[in-house]
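The file query03.pdb comes next; it holds PDB, C-alpha atoms, pLDDT in the B column.
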ATOM      1  CA  MET A   1     191.332  27.769 164.231  1.00 43.00           C
ATOM      2  CA  ARG A   2     188.024  26.224 164.748  1.00 47.00           C
ATOM      3  CA  ARG A   3     186.677  24.226 161.956  1.00 49.00           C
ATOM      4  CA  GLN A   4     183.391  25.582 160.885  1.00 48.00           C
ATOM      5  CA  LYS A   5     180.616  23.097 160.489  1.00 49.00           C
ATOM      6  CA  GLN A   6     179.312  22.789 157.005  1.00 51.00           C
ATOM      7  CA  ARG A   7     175.607  23.087 156.574  1.00 54.00           C
ATOM      8  CA  HIS A   8     173.789  20.957 154.058  1.00 50.00           C
ATOM      9  CA  VAL A   9     171.006  22.716 152.261  1.00 51.00           C
ATOM     10  CA  HIS A  10     168.205  20.398 151.294  1.00 54.00           C
ATOM     11  CA  LYS A  11     166.073  21.622 148.387  1.00 58.00           C
ATOM     12  CA  GLU A  12     162.400  20.923 148.876  1.00 61.00           C
ATOM     13  CA  SER A  13     160.786  19.142 145.934  1.00 63.00           C
ATOM     14  CA  PHE A  14     157.514  17.468 144.959  1.00 63.00           C
ATOM     15  CA  SER A  15     157.117  14.090 143.297  1.00 67.00           C
ATOM     16  CA  VAL A  16     154.325  13.346 140.851  1.00 63.00           C
ATOM     17  CA  LEU A  17     153.593   9.697 140.169  1.00 66.00           C
ATOM     18  CA  LEU A  18     151.638   8.812 137.023  1.00 65.00           C
ATOM     19  CA  ILE A  19     150.160   5.288 137.083  1.00 70.00           C
ATOM     20  CA  PRO A  20     148.374   4.172 133.934  1.00 71.00           C
ATOM     21  CA  ASN A  21     145.113   2.228 134.135  1.00 69.00           C
ATOM     22  CA  THR A  22     146.308  -0.332 131.601  1.00 69.00           C
ATOM     23  CA  GLY A  23     148.974  -1.683 133.905  1.00 64.00           C
ATOM     24  CA  GLY A  24     151.848  -0.189 132.004  1.00 64.00           C
ATOM     25  CA  LYS A  25     154.959   1.270 133.460  1.00 69.00           C
ATOM     26  CA  SER A  26     154.380   4.048 135.903  1.00 70.00           C
ATOM     27  CA  ARG A  27     156.273   7.303 135.734  1.00 70.00           C
ATOM     28  CA  GLN A  28     157.452   9.559 138.469  1.00 68.00           C
ATOM     29  CA  PHE A  29     158.298  13.238 138.033  1.00 66.00           C
ATOM     30  CA  HIS A  30     160.127  15.415 140.490  1.00 67.00           C
ATOM     31  CA  VAL A  31     159.065  19.042 140.598  1.00 66.00           C
ATOM     32  CA  THR A  32     160.932  21.658 142.558  1.00 73.00           C
ATOM     33  CA  ARG A  33     159.163  24.079 144.770  1.00 71.00           C
ATOM     34  CA  PHE A  34     159.916  26.938 142.401  1.00 75.00           C
ATOM     35  CA  SER A  35     158.558  25.014 139.442  1.00 73.00           C
ATOM     36  CA  PHE A  36     155.431  24.120 141.376  1.00 74.00           C
ATOM     37  CA  ARG A  37     154.820  27.731 142.294  1.00 78.00           C
ATOM     38  CA  LEU A  38     155.441  28.710 138.736  1.00 81.00           C
ATOM     39  CA  CYS A  39     152.885  26.170 137.524  1.00 79.00           C
ATOM     40  CA  VAL A  40     150.370  27.399 140.084  1.00 81.00           C
ATOM     41  CA  CYS A  41     150.907  31.012 138.975  1.00 87.00           C
ATOM     42  CA  LEU A  42     150.529  29.985 135.346  1.00 85.00           C
ATOM     43  CA  LEU A  43     147.344  28.124 136.201  1.00 84.00           C
ATOM     44  CA  ILE A  44     145.944  31.161 138.043  1.00 88.00           C
ATOM     45  CA  PHE A  45     146.914  33.378 135.113  1.00 86.00           C
ATOM     46  CA  VAL A  46     145.207  31.022 132.681  1.00 87.00           C
ATOM     47  CA  LEU A  47     142.070  30.935 134.847  1.00 87.00           C
ATOM     48  CA  LEU A  48     142.054  34.734 135.085  1.00 88.00           C
ATOM     49  CA  ALA A  49     142.566  34.980 131.350  1.00 85.00           C
ATOM     50  CA  VAL A  50     139.714  32.567 130.727  1.00 85.00           C
ATOM     51  CA  ALA A  51     137.488  34.469 133.162  1.00 85.00           C
ATOM     52  CA  GLY A  52     138.437  37.787 131.560  1.00 84.00           C
ATOM     53  CA  GLY A  53     137.750  36.388 128.120  1.00 83.00           C
ATOM     54  CA  ALA A  54     134.406  35.090 129.231  1.00 84.00           C
ATOM     55  CA  ALA A  55     133.549  38.477 130.753  1.00 85.00           C
ATOM     56  CA  TRP A  56     134.683  40.278 127.591  1.00 87.00           C
ATOM     57  CA  THR A  57     132.679  37.879 125.455  1.00 85.00           C
ATOM     58  CA  GLY A  58     129.596  38.472 127.625  1.00 82.00           C
ATOM     59  CA  TYR A  59     130.095  42.233 127.391  1.00 83.00           C
ATOM     60  CA  GLN A  60     130.425  42.092 123.611  1.00 83.00           C
ATOM     61  CA  PHE A  61     127.345  39.887 123.377  1.00 83.00           C
ATOM     62  CA  SER A  62     125.357  42.275 125.584  1.00 83.00           C
ATOM     63  CA  ARG A  63     126.564  45.221 123.542  1.00 84.00           C
ATOM     64  CA  GLN A  64     125.577  43.517 120.309  1.00 85.00           C
ATOM     65  CA  GLU A  65     122.148  42.801 121.788  1.00 84.00           C
ATOM     66  CA  ASN A  66     121.755  46.481 122.724  1.00 86.00           C
ATOM     67  CA  VAL A  67     122.871  47.504 119.249  1.00 86.00           C
ATOM     68  CA  ARG A  68     120.399  45.071 117.650  1.00 86.00           C
ATOM     69  CA  ARG A  69     117.643  46.347 119.942  1.00 87.00           C
ATOM     70  CA  GLU A  70     118.412  49.975 119.060  1.00 87.00           C
ATOM     71  CA  MET A  71     118.510  49.088 115.358  1.00 88.00           C
ATOM     72  CA  ALA A  72     115.122  47.398 115.685  1.00 87.00           C
ATOM     73  CA  GLN A  73     113.711  50.505 117.398  1.00 88.00           C
ATOM     74  CA  GLN A  74     115.181  52.723 114.682  1.00 88.00           C
ATOM     75  CA  GLU A  75     113.640  50.517 112.011  1.00 88.00           C
ATOM     76  CA  GLU A  76     110.251  50.788 113.743  1.00 88.00           C
ATOM     77  CA  LYS A  77     110.614  54.577 113.830  1.00 89.00           C
ATOM     78  CA  ILE A  78     111.568  54.592 110.156  1.00 90.00           C
ATOM     79  CA  VAL A  79     108.490  52.510 109.307  1.00 88.00           C
ATOM     80  CA  ALA A  80     106.290  54.859 111.360  1.00 88.00           C
ATOM     81  CA  LEU A  81     107.832  57.909 109.666  1.00 89.00           C
ATOM     82  CA  GLU A  82     107.320  56.377 106.241  1.00 89.00           C
ATOM     83  CA  ALA A  83     103.666  55.749 107.078  1.00 89.00           C
ATOM     84  CA  GLU A  84     103.296  59.334 108.353  1.00 89.00           C
ATOM     85  CA  LYS A  85     105.000  60.655 105.230  1.00 89.00           C
ATOM     86  CA  LYS A  86     102.615  58.668 103.047  1.00 88.00           C
ATOM     87  CA  ALA A  87      99.627  59.994 104.995  1.00 89.00           C
ATOM     88  CA  LEU A  88     100.907  63.578 104.656  1.00 89.00           C
ATOM     89  CA  GLU A  89     101.399  63.123 100.928  1.00 89.00           C
ATOM     90  CA  GLN A  90      97.836  61.850 100.586  1.00 89.00           C
ATOM     91  CA  GLU A  91      96.576  64.812 102.642  1.00 88.00           C
ATOM     92  CA  LYS A  92      98.618  67.157 100.456  1.00 88.00           C
ATOM     93  CA  GLU A  93      97.070  65.682  97.321  1.00 88.00           C
ATOM     94  CA  THR A  94      93.606  66.086  98.856  1.00 88.00           C
ATOM     95  CA  LEU A  95      94.294  69.740  99.754  1.00 89.00           C
ATOM     96  CA  LEU A  96      95.654  70.432  96.262  1.00 87.00           C
ATOM     97  CA  ALA A  97      92.506  68.924  94.767  1.00 87.00           C
ATOM     98  CA  GLN A  98      90.346  71.086  97.065  1.00 88.00           C
ATOM     99  CA  MET A  99      92.356  74.190  96.155  1.00 87.00           C
ATOM    100  CA  GLU A 100      91.924  73.428  92.476  1.00 86.00           C
ATOM    101  CA  THR A 101      88.187  73.016  92.999  1.00 87.00           C
ATOM    102  CA  LEU A 102      88.024  76.318  94.915  1.00 87.00           C
ATOM    103  CA  GLU A 103      89.983  78.075  92.166  1.00 86.00           C
ATOM    104  CA  GLN A 104      87.551  76.747  89.584  1.00 87.00           C
ATOM    105  CA  GLU A 105      84.608  77.873  91.713  1.00 86.00           C
ATOM    106  CA  LYS A 106      86.268  81.276  92.142  1.00 85.00           C
ATOM    107  CA  VAL A 107      86.695  81.617  88.381  1.00 85.00           C
ATOM    108  CA  THR A 108      83.078  80.551  87.857  1.00 86.00           C
ATOM    109  CA  VAL A 109      81.797  83.050  90.439  1.00 87.00           C
ATOM    110  CA  LYS A 110      83.947  85.780  88.903  1.00 84.00           C
ATOM    111  CA  GLU A 111      82.595  85.013  85.448  1.00 83.00           C
ATOM    112  CA  GLU A 112      79.024  84.969  86.756  1.00 84.00           C
ATOM    113  CA  LYS A 113      79.615  88.270  88.568  1.00 84.00           C
ATOM    114  CA  SER A 114      81.094  89.798  85.414  1.00 81.00           C
ATOM    115  CA  THR A 115      78.089  88.603  83.442  1.00 80.00           C
ATOM    116  CA  ALA A 116      75.698  89.978  86.076  1.00 81.00           C
ATOM    117  CA  ASP A 117      77.554  93.321  86.201  1.00 77.00           C
ATOM    118  CA  ALA A 118      77.470  93.515  82.427  1.00 73.00           C
ATOM    119  CA  GLY A 119      73.722  92.810  82.538  1.00 69.00           C
ATOM    120  CA  GLU A 120      73.202  95.513  85.179  1.00 70.00           C
ATOM    121  CA  GLU A 121      75.239  97.994  83.149  1.00 68.00           C
ATOM    122  CA  THR A 122      73.152  97.139  80.086  1.00 65.00           C
ATOM    123  CA  GLU A 123      69.949  97.638  82.103  1.00 63.00           C
ATOM    124  CA  GLU A 124      71.242 100.929  83.491  1.00 59.00           C
ATOM    125  CA  GLU A 125      72.223 102.073  80.020  1.00 60.00           C
ATOM    126  CA  SER A 126      68.887 101.022  78.584  1.00 56.00           C
ATOM    127  CA  ALA A 127      66.867 102.461  81.490  1.00 53.00           C
ATOM    128  CA  PRO A 128      65.635 105.988  80.861  1.00 61.00           C
ATOM    129  CA  GLU A 129      67.171 108.776  82.897  1.00 69.00           C
ATOM    130  CA  LYS A 130      65.114 109.948  85.874  1.00 77.00           C
ATOM    131  CA  ASP A 131      63.292 113.212  85.253  1.00 84.00           C
ATOM    132  CA  THR A 132      64.667 115.499  87.970  1.00 88.00           C
ATOM    133  CA  SER A 133      62.149 118.216  87.142  1.00 89.00           C
ATOM    134  CA  ILE A 134      59.376 116.233  88.853  1.00 91.00           C
ATOM    135  CA  PRO A 135      59.171 117.513  92.472  1.00 94.00           C
ATOM    136  CA  ARG A 136      60.021 114.257  94.250  1.00 92.00           C
ATOM    137  CA  ARG A 137      62.348 115.676  96.905  1.00 93.00           C
ATOM    138  CA  TYR A 138      61.318 116.588 100.465  1.00 93.00           C
ATOM    139  CA  PRO A 139      61.131 120.393 100.853  1.00 95.00           C
ATOM    140  CA  TYR A 140      63.155 120.651 104.077  1.00 95.00           C
ATOM    141  CA  THR A 141      66.685 119.415 104.930  1.00 94.00           C
ATOM    142  CA  GLY A 142      66.466 119.306 108.723  1.00 90.00           C
ATOM    143  CA  ILE A 143      64.289 117.462 111.198  1.00 90.00           C
ATOM    144  CA  SER A 144      60.661 118.512 110.863  1.00 91.00           C
ATOM    145  CA  THR A 145      57.281 117.620 112.343  1.00 93.00           C
ATOM    146  CA  VAL A 146      54.155 117.185 110.230  1.00 93.00           C
ATOM    147  CA  LEU A 147      51.527 119.554 111.613  1.00 94.00           C
ATOM    148  CA  SER A 148      48.811 118.485 109.158  1.00 94.00           C
ATOM    149  CA  ASN A 149      48.578 116.452 105.959  1.00 94.00           C
ATOM    150  CA  TYR A 150      47.049 117.371 102.617  1.00 95.00           C
ATOM    151  CA  SER A 151      43.249 117.293 102.457  1.00 93.00           C
ATOM    152  CA  ALA A 152      40.426 118.690 100.349  1.00 90.00           C
ATOM    153  CA  GLU A 153      39.963 121.549 102.842  1.00 93.00           C
ATOM    154  CA  GLN A 154      43.728 122.140 103.275  1.00 94.00           C
ATOM    155  CA  GLN A 155      45.450 121.560  99.962  1.00 94.00           C
ATOM    156  CA  TYR A 156      49.009 121.647 101.224  1.00 96.00           C
ATOM    157  CA  LEU A 157      51.366 119.824 103.611  1.00 95.00           C
ATOM    158  CA  SER A 158      52.093 121.792 106.796  1.00 96.00           C
ATOM    159  CA  LEU A 159      55.470 121.293 108.540  1.00 95.00           C
ATOM    160  CA  ASN A 160      57.031 122.615 111.747  1.00 95.00           C
ATOM    161  CA  THR A 161      60.721 123.413 111.037  1.00 94.00           C
ATOM    162  CA  SER A 162      63.670 124.817 112.968  1.00 91.00           C
ATOM    163  CA  SER A 163      66.868 126.728 112.313  1.00 90.00           C
ATOM    164  CA  ASP A 164      68.898 123.539 111.789  1.00 89.00           C
ATOM    165  CA  GLY A 165      67.678 123.152 108.171  1.00 91.00           C
ATOM    166  CA  ASN A 166      66.711 124.959 104.992  1.00 95.00           C
ATOM    167  CA  VAL A 167      63.761 125.051 102.604  1.00 96.00           C
ATOM    168  CA  VAL A 168      64.934 123.576  99.288  1.00 96.00           C
ATOM    169  CA  ALA A 169      63.576 123.116  95.763  1.00 96.00           C
ATOM    170  CA  THR A 170      61.972 119.709  95.337  1.00 95.00           C
ATOM    171  CA  GLY A 171      62.803 119.485  91.616  1.00 94.00           C
ATOM    172  CA  ASP A 172      64.531 121.300  88.747  1.00 96.00           C
ATOM    173  CA  GLY A 173      62.760 124.406  87.475  1.00 95.00           C
ATOM    174  CA  MET A 174      62.587 128.212  87.431  1.00 96.00           C
ATOM    175  CA  VAL A 175      61.529 130.598  90.173  1.00 97.00           C
ATOM    176  CA  VAL A 176      58.426 132.438  88.922  1.00 96.00           C
ATOM    177  CA  THR A 177      57.226 134.124  92.151  1.00 95.00           C
ATOM    178  CA  VAL A 178      58.942 135.650  95.204  1.00 96.00           C
ATOM    179  CA  ASP A 179      56.233 137.405  97.243  1.00 95.00           C
ATOM    180  CA  SER A 180      54.449 137.710 100.609  1.00 94.00           C
ATOM    181  CA  ASP A 181      50.962 138.465 101.955  1.00 94.00           C
ATOM    182  CA  ASP A 182      49.126 138.964 105.248  1.00 94.00           C
ATOM    183  CA  THR A 183      49.431 135.254 106.144  1.00 94.00           C
ATOM    184  CA  TYR A 184      52.835 134.345 104.827  1.00 96.00           C
ATOM    185  CA  ALA A 185      56.023 136.313 105.234  1.00 95.00           C
ATOM    186  CA  HIS A 186      57.520 134.492 102.255  1.00 96.00           C
ATOM    187  CA  ILE A 187      55.924 132.860  99.208  1.00 97.00           C
ATOM    188  CA  ILE A 188      58.107 131.277  96.534  1.00 97.00           C
ATOM    189  CA  GLU A 189      56.789 129.475  93.459  1.00 97.00           C
ATOM    190  CA  VAL A 190      58.881 127.232  91.206  1.00 97.00           C
ATOM    191  CA  GLU A 191      57.621 126.120  87.808  1.00 96.00           C
ATOM    192  CA  HIS A 192      58.780 122.649  86.681  1.00 94.00           C
ATOM    193  CA  ASN A 193      58.418 120.726  83.440  1.00 85.00           C
ATOM    194  CA  ASN A 194      55.615 118.256  82.721  1.00 86.00           C
ATOM    195  CA  GLY A 195      52.949 120.581  84.150  1.00 91.00           C
ATOM    196  CA  TYR A 196      54.212 120.667  87.784  1.00 95.00           C
ATOM    197  CA  LYS A 197      54.471 123.736  89.978  1.00 96.00           C
ATOM    198  CA  THR A 198      55.481 123.917  93.653  1.00 97.00           C
ATOM    199  CA  ARG A 199      54.688 126.606  96.208  1.00 97.00           C
ATOM    200  CA  TYR A 200      56.698 127.209  99.444  1.00 97.00           C
ATOM    201  CA  MET A 201      54.879 129.367 102.006  1.00 96.00           C
ATOM    202  CA  CYS A 202      56.665 130.352 105.214  1.00 95.00           C
ATOM    203  CA  ARG A 203      54.693 132.035 108.025  1.00 93.00           C
ATOM    204  CA  GLU A 204      57.725 133.334 110.014  1.00 93.00           C
ATOM    205  CA  GLU A 205      60.674 135.454 108.944  1.00 91.00           C
ATOM    206  CA  ALA A 206      63.338 133.656 106.892  1.00 92.00           C
ATOM    207  CA  GLN A 207      66.085 134.649 104.494  1.00 93.00           C
ATOM    208  CA  THR A 208      65.231 134.432 100.804  1.00 92.00           C
ATOM    209  CA  GLN A 209      67.995 132.959  98.638  1.00 90.00           C
ATOM    210  CA  MET A 210      66.369 133.190  95.179  1.00 92.00           C
ATOM    211  CA  GLN A 211      64.972 135.852  92.831  1.00 93.00           C
ATOM    212  CA  VAL A 212      62.382 135.638  90.101  1.00 94.00           C
ATOM    213  CA  GLY A 213      63.807 134.052  86.930  1.00 94.00           C
ATOM    214  CA  ALA A 214      66.479 132.027  88.765  1.00 95.00           C
ATOM    215  CA  GLN A 215      67.063 128.485  87.479  1.00 95.00           C
ATOM    216  CA  VAL A 216      67.132 125.967  90.323  1.00 96.00           C
ATOM    217  CA  GLN A 217      67.941 122.278  90.676  1.00 94.00           C
ATOM    218  CA  ALA A 218      66.505 119.825  93.161  1.00 93.00           C
ATOM    219  CA  GLY A 219      68.132 120.515  96.544  1.00 93.00           C
ATOM    220  CA  ASP A 220      68.992 124.169  95.933  1.00 95.00           C
ATOM    221  CA  ILE A 221      68.229 126.413  98.959  1.00 95.00           C
ATOM    222  CA  LEU A 222      65.202 128.674  98.541  1.00 96.00           C
ATOM    223  CA  LEU A 223      64.826 129.915 102.128  1.00 95.00           C
ATOM    224  CA  THR A 224      67.141 129.842 105.135  1.00 94.00           C
ATOM    225  CA  VAL A 225      65.114 129.223 108.304  1.00 94.00           C
ATOM    226  CA  LEU A 226      66.183 131.666 111.036  1.00 92.00           C
ATOM    227  CA  THR A 227      64.120 130.603 114.078  1.00 92.00           C
ATOM    228  CA  ASP A 228      62.692 127.464 115.603  1.00 91.00           C
ATOM    229  CA  ASP A 229      58.974 126.611 115.335  1.00 92.00           C
ATOM    230  CA  THR A 230      58.816 128.068 111.841  1.00 94.00           C
ATOM    231  CA  GLN A 231      55.757 126.816 109.943  1.00 95.00           C
ATOM    232  CA  LEU A 232      56.246 125.828 106.307  1.00 96.00           C
ATOM    233  CA  ASP A 233      53.231 125.067 104.124  1.00 97.00           C
ATOM    234  CA  TYR A 234      54.225 123.148 100.982  1.00 97.00           C
ATOM    235  CA  GLN A 235      51.914 122.802  97.980  1.00 97.00           C
ATOM    236  CA  VAL A 236      52.235 120.825  94.709  1.00 96.00           C
ATOM    237  CA  LEU A 237      50.172 121.714  91.655  1.00 95.00           C
ATOM    238  CA  PHE A 238      49.797 119.581  88.537  1.00 94.00           C
ATOM    239  CA  GLU A 239      48.292 121.402  85.566  1.00 92.00           C
ATOM    240  CA  GLU A 240      47.173 124.154  87.975  1.00 92.00           C
ATOM    241  CA  GLU A 241      45.326 121.663  90.226  1.00 94.00           C
ATOM    242  CA  ALA A 242      46.582 121.011  93.794  1.00 95.00           C
ATOM    243  CA  ILE A 243      47.560 117.389  94.492  1.00 95.00           C
ATOM    244  CA  ASP A 244      48.814 115.516  97.568  1.00 94.00           C
ATOM    245  CA  PRO A 245      52.635 115.964  97.779  1.00 94.00           C
ATOM    246  CA  LEU A 246      52.956 112.456  99.176  1.00 91.00           C
ATOM    247  CA  THR A 247      51.912 111.040  95.791  1.00 91.00           C
ATOM    248  CA  VAL A 248      55.075 112.383  94.139  1.00 90.00           C
ATOM    249  CA  PHE A 249      57.584 112.207  97.017  1.00 85.00           C
ATOM    250  CA  GLU A 250      60.386 109.772  96.229  1.00 73.00           C
ATOM    251  CA  ALA A 251      61.923 109.896  99.702  1.00 46.00           C
ATOM    252  CA  LYS A 252      62.244 112.268 102.569  1.00 43.00           C
ATOM    253  CA  GLY A 253      65.599 114.066 102.346  1.00 38.00           C
TER
END
Written as structure tokens, that's how I'd like the structure from this file.
Amino acid sequence: MRRQKQRHVHKESFSVLLIPNTGGKSRQFHVTRFSFRLCVCLLIFVLLAVAGGAAWTGYQFSRQENVRREMAQQEEKIVALEAEKKALEQEKETLLAQMETLEQEKVTVKEEKSTADAGEETEEESAPEKDTSIPRRYPYTGISTVLSNYSAEQQYLSLNTSSDGNVVATGDGMVVTVDSDDTYAHIIEVEHNNGYKTRYMCREEAQTQMQVGAQVQAGDILLTVLTDDTQLDYQVLFEEEAIDPLTVFEAKG
């Protein structure tokens, strides 16, 4: 049999020589390749750990700065909101004061109005009632045209009327005449109090609504006008003397 040659395995190692500066005894360490690699790995791990810690520390610091910045912004907003709240409260107090002033003015105006109304009621109560027997009303209810006014030669007011209105009593009284003649197709006289008498003289045909002895009030219909261009002559007498109707008219109506 052939004798196999034995192989010698040489382990690779590193030597570390430590020489002190003081001249003391130097030391030499032998480090195997495995141990050296292990030390290098540990060193890399430590460096990575240190780098990671530094990065983590920087991240935490940056995060804290962001948090502090956000807190500062929130505090500024809170201060601004507090100022706005204070301003709104002051405005509210001002509005409440104005409302109170307006309420007082409203009460004052209401009291003044009540006093004025009471004064008007007292004046109305104390004022004498209007005498409705005085012929103050206009003798026609529709639209009319004045043909001629009262004068010394013509002692009556002459009106041109149409079928859209009626001849009415100008004051309270009693019908004393319902007649006609060659000039007028209808003549109605109403006797009022206080010495007044009114005469309604219609030249054209109309419909008589009253009889002698009838009691009438201002506005009651005496004649219904049947045709257009009907002439109405209206006369007012005071103590049997003709007077201008315009002197006693209160209003046209």
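Between Thr227 of chain A and the candidates A:Cys202, A:Val146, A:Ala72, A:Ala83, the tightest atom-to-atom separation, counting all atoms listed in the file, involves A:Cys202.
With atom CA of Arg136 of chain A on one side and atom CA of Gly171 of chain A on the other, the separation reads 6.5 Å.
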Item to check | Output check: residues returned by the PyMOL selection byres ((chain A and resi 236) around 12), as a ChimeraX atom specification | outcome: /A:134-139,150,155-157,169-171,189-192,195-201,233-235,237-249
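Distances here use all atoms listed in the file; by that measure, the residue among A:Gln217, A:Thr224, A:Thr108, A:Thr101 closest to Ser162 of chain A is A:Thr224.
Note that atom CA of Gly173 of chain A and atom CA of Met210 of chain A are 12.2 Å apart.
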Item to check | Residue among A:Thr183, A:Thr145, A:Thr132, A:Thr230 lying closest to Glu250 of chain A, counting only C-alpha atoms | outcome: A:Thr132
Pull segment 47-63 of chain A out of the block and emit N, CA and C atoms, as a CSV table (one decimal), in the first residue's frame.
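Contents of the output file selection32.csv:
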chain,number,residue,atom,x,y,z
A,47,LEU,N,-20.5,50.6,14.5
A,47,LEU,CA,-20.6,51.9,13.7
A,47,LEU,C,-22.0,52.1,13.2
A,48,LEU,N,-22.6,50.9,12.7
A,48,LEU,CA,-24.0,51.0,12.2
A,48,LEU,C,-24.9,51.4,13.3
A,49,ALA,N,-24.7,50.8,14.5
A,49,ALA,CA,-25.5,51.1,15.6
A,49,ALA,C,-25.4,52.6,16.0
A,50,VAL,N,-24.1,53.1,16.0
A,50,VAL,CA,-23.9,54.5,16.3
A,50,VAL,C,-24.6,55.4,15.3
A,51,ALA,N,-24.4,55.0,14.0
A,51,ALA,CA,-25.1,55.8,12.9
A,51,ALA,C,-26.6,55.8,13.1
A,52,GLY,N,-27.1,54.6,13.3
A,52,GLY,CA,-28.6,54.5,13.5
A,52,GLY,C,-29.1,55.3,14.7
A,53,GLY,N,-28.3,55.2,15.8
A,53,GLY,CA,-28.7,56.0,16.9
A,53,GLY,C,-28.7,57.5,16.6
A,54,ALA,N,-27.6,57.9,15.9
A,54,ALA,CA,-27.5,59.3,15.6
A,54,ALA,C,-28.7,59.7,14.7
A,55,ALA,N,-29.0,58.9,13.7
A,55,ALA,CA,-30.2,59.2,12.8
A,55,ALA,C,-31.5,59.2,13.6
A,56,TRP,N,-31.7,58.3,14.5
A,56,TRP,CA,-32.9,58.2,15.3
A,56,TRP,C,-33.0,59.5,16.2
A,57,THR,N,-31.8,59.9,16.8
A,57,THR,CA,-31.7,61.1,17.6
A,57,THR,C,-32.1,62.3,16.8
A,58,GLY,N,-31.5,62.4,15.6
A,58,GLY,CA,-31.9,63.5,14.7
A,58,GLY,C,-33.4,63.5,14.3
A,59,TYR,N,-33.9,62.4,14.1
A,59,TYR,CA,-35.3,62.3,13.8
A,59,TYR,C,-36.2,62.7,14.9
A,60,GLN,N,-35.8,62.3,16.1
A,60,GLN,CA,-36.6,62.7,17.3
A,60,GLN,C,-36.5,64.2,17.6
A,61,PHE,N,-35.3,64.7,17.3
A,61,PHE,CA,-35.1,66.1,17.5
A,61,PHE,C,-35.9,66.9,16.5
A,62,SER,N,-35.9,66.5,15.3
A,62,SER,CA,-36.7,67.1,14.2
A,62,SER,C,-38.2,67.1,14.6
A,63,ARG,N,-38.6,65.9,15.0
A,63,ARG,CA,-40.0,65.7,15.4
A,63,ARG,C,-40.4,66.6,16.5
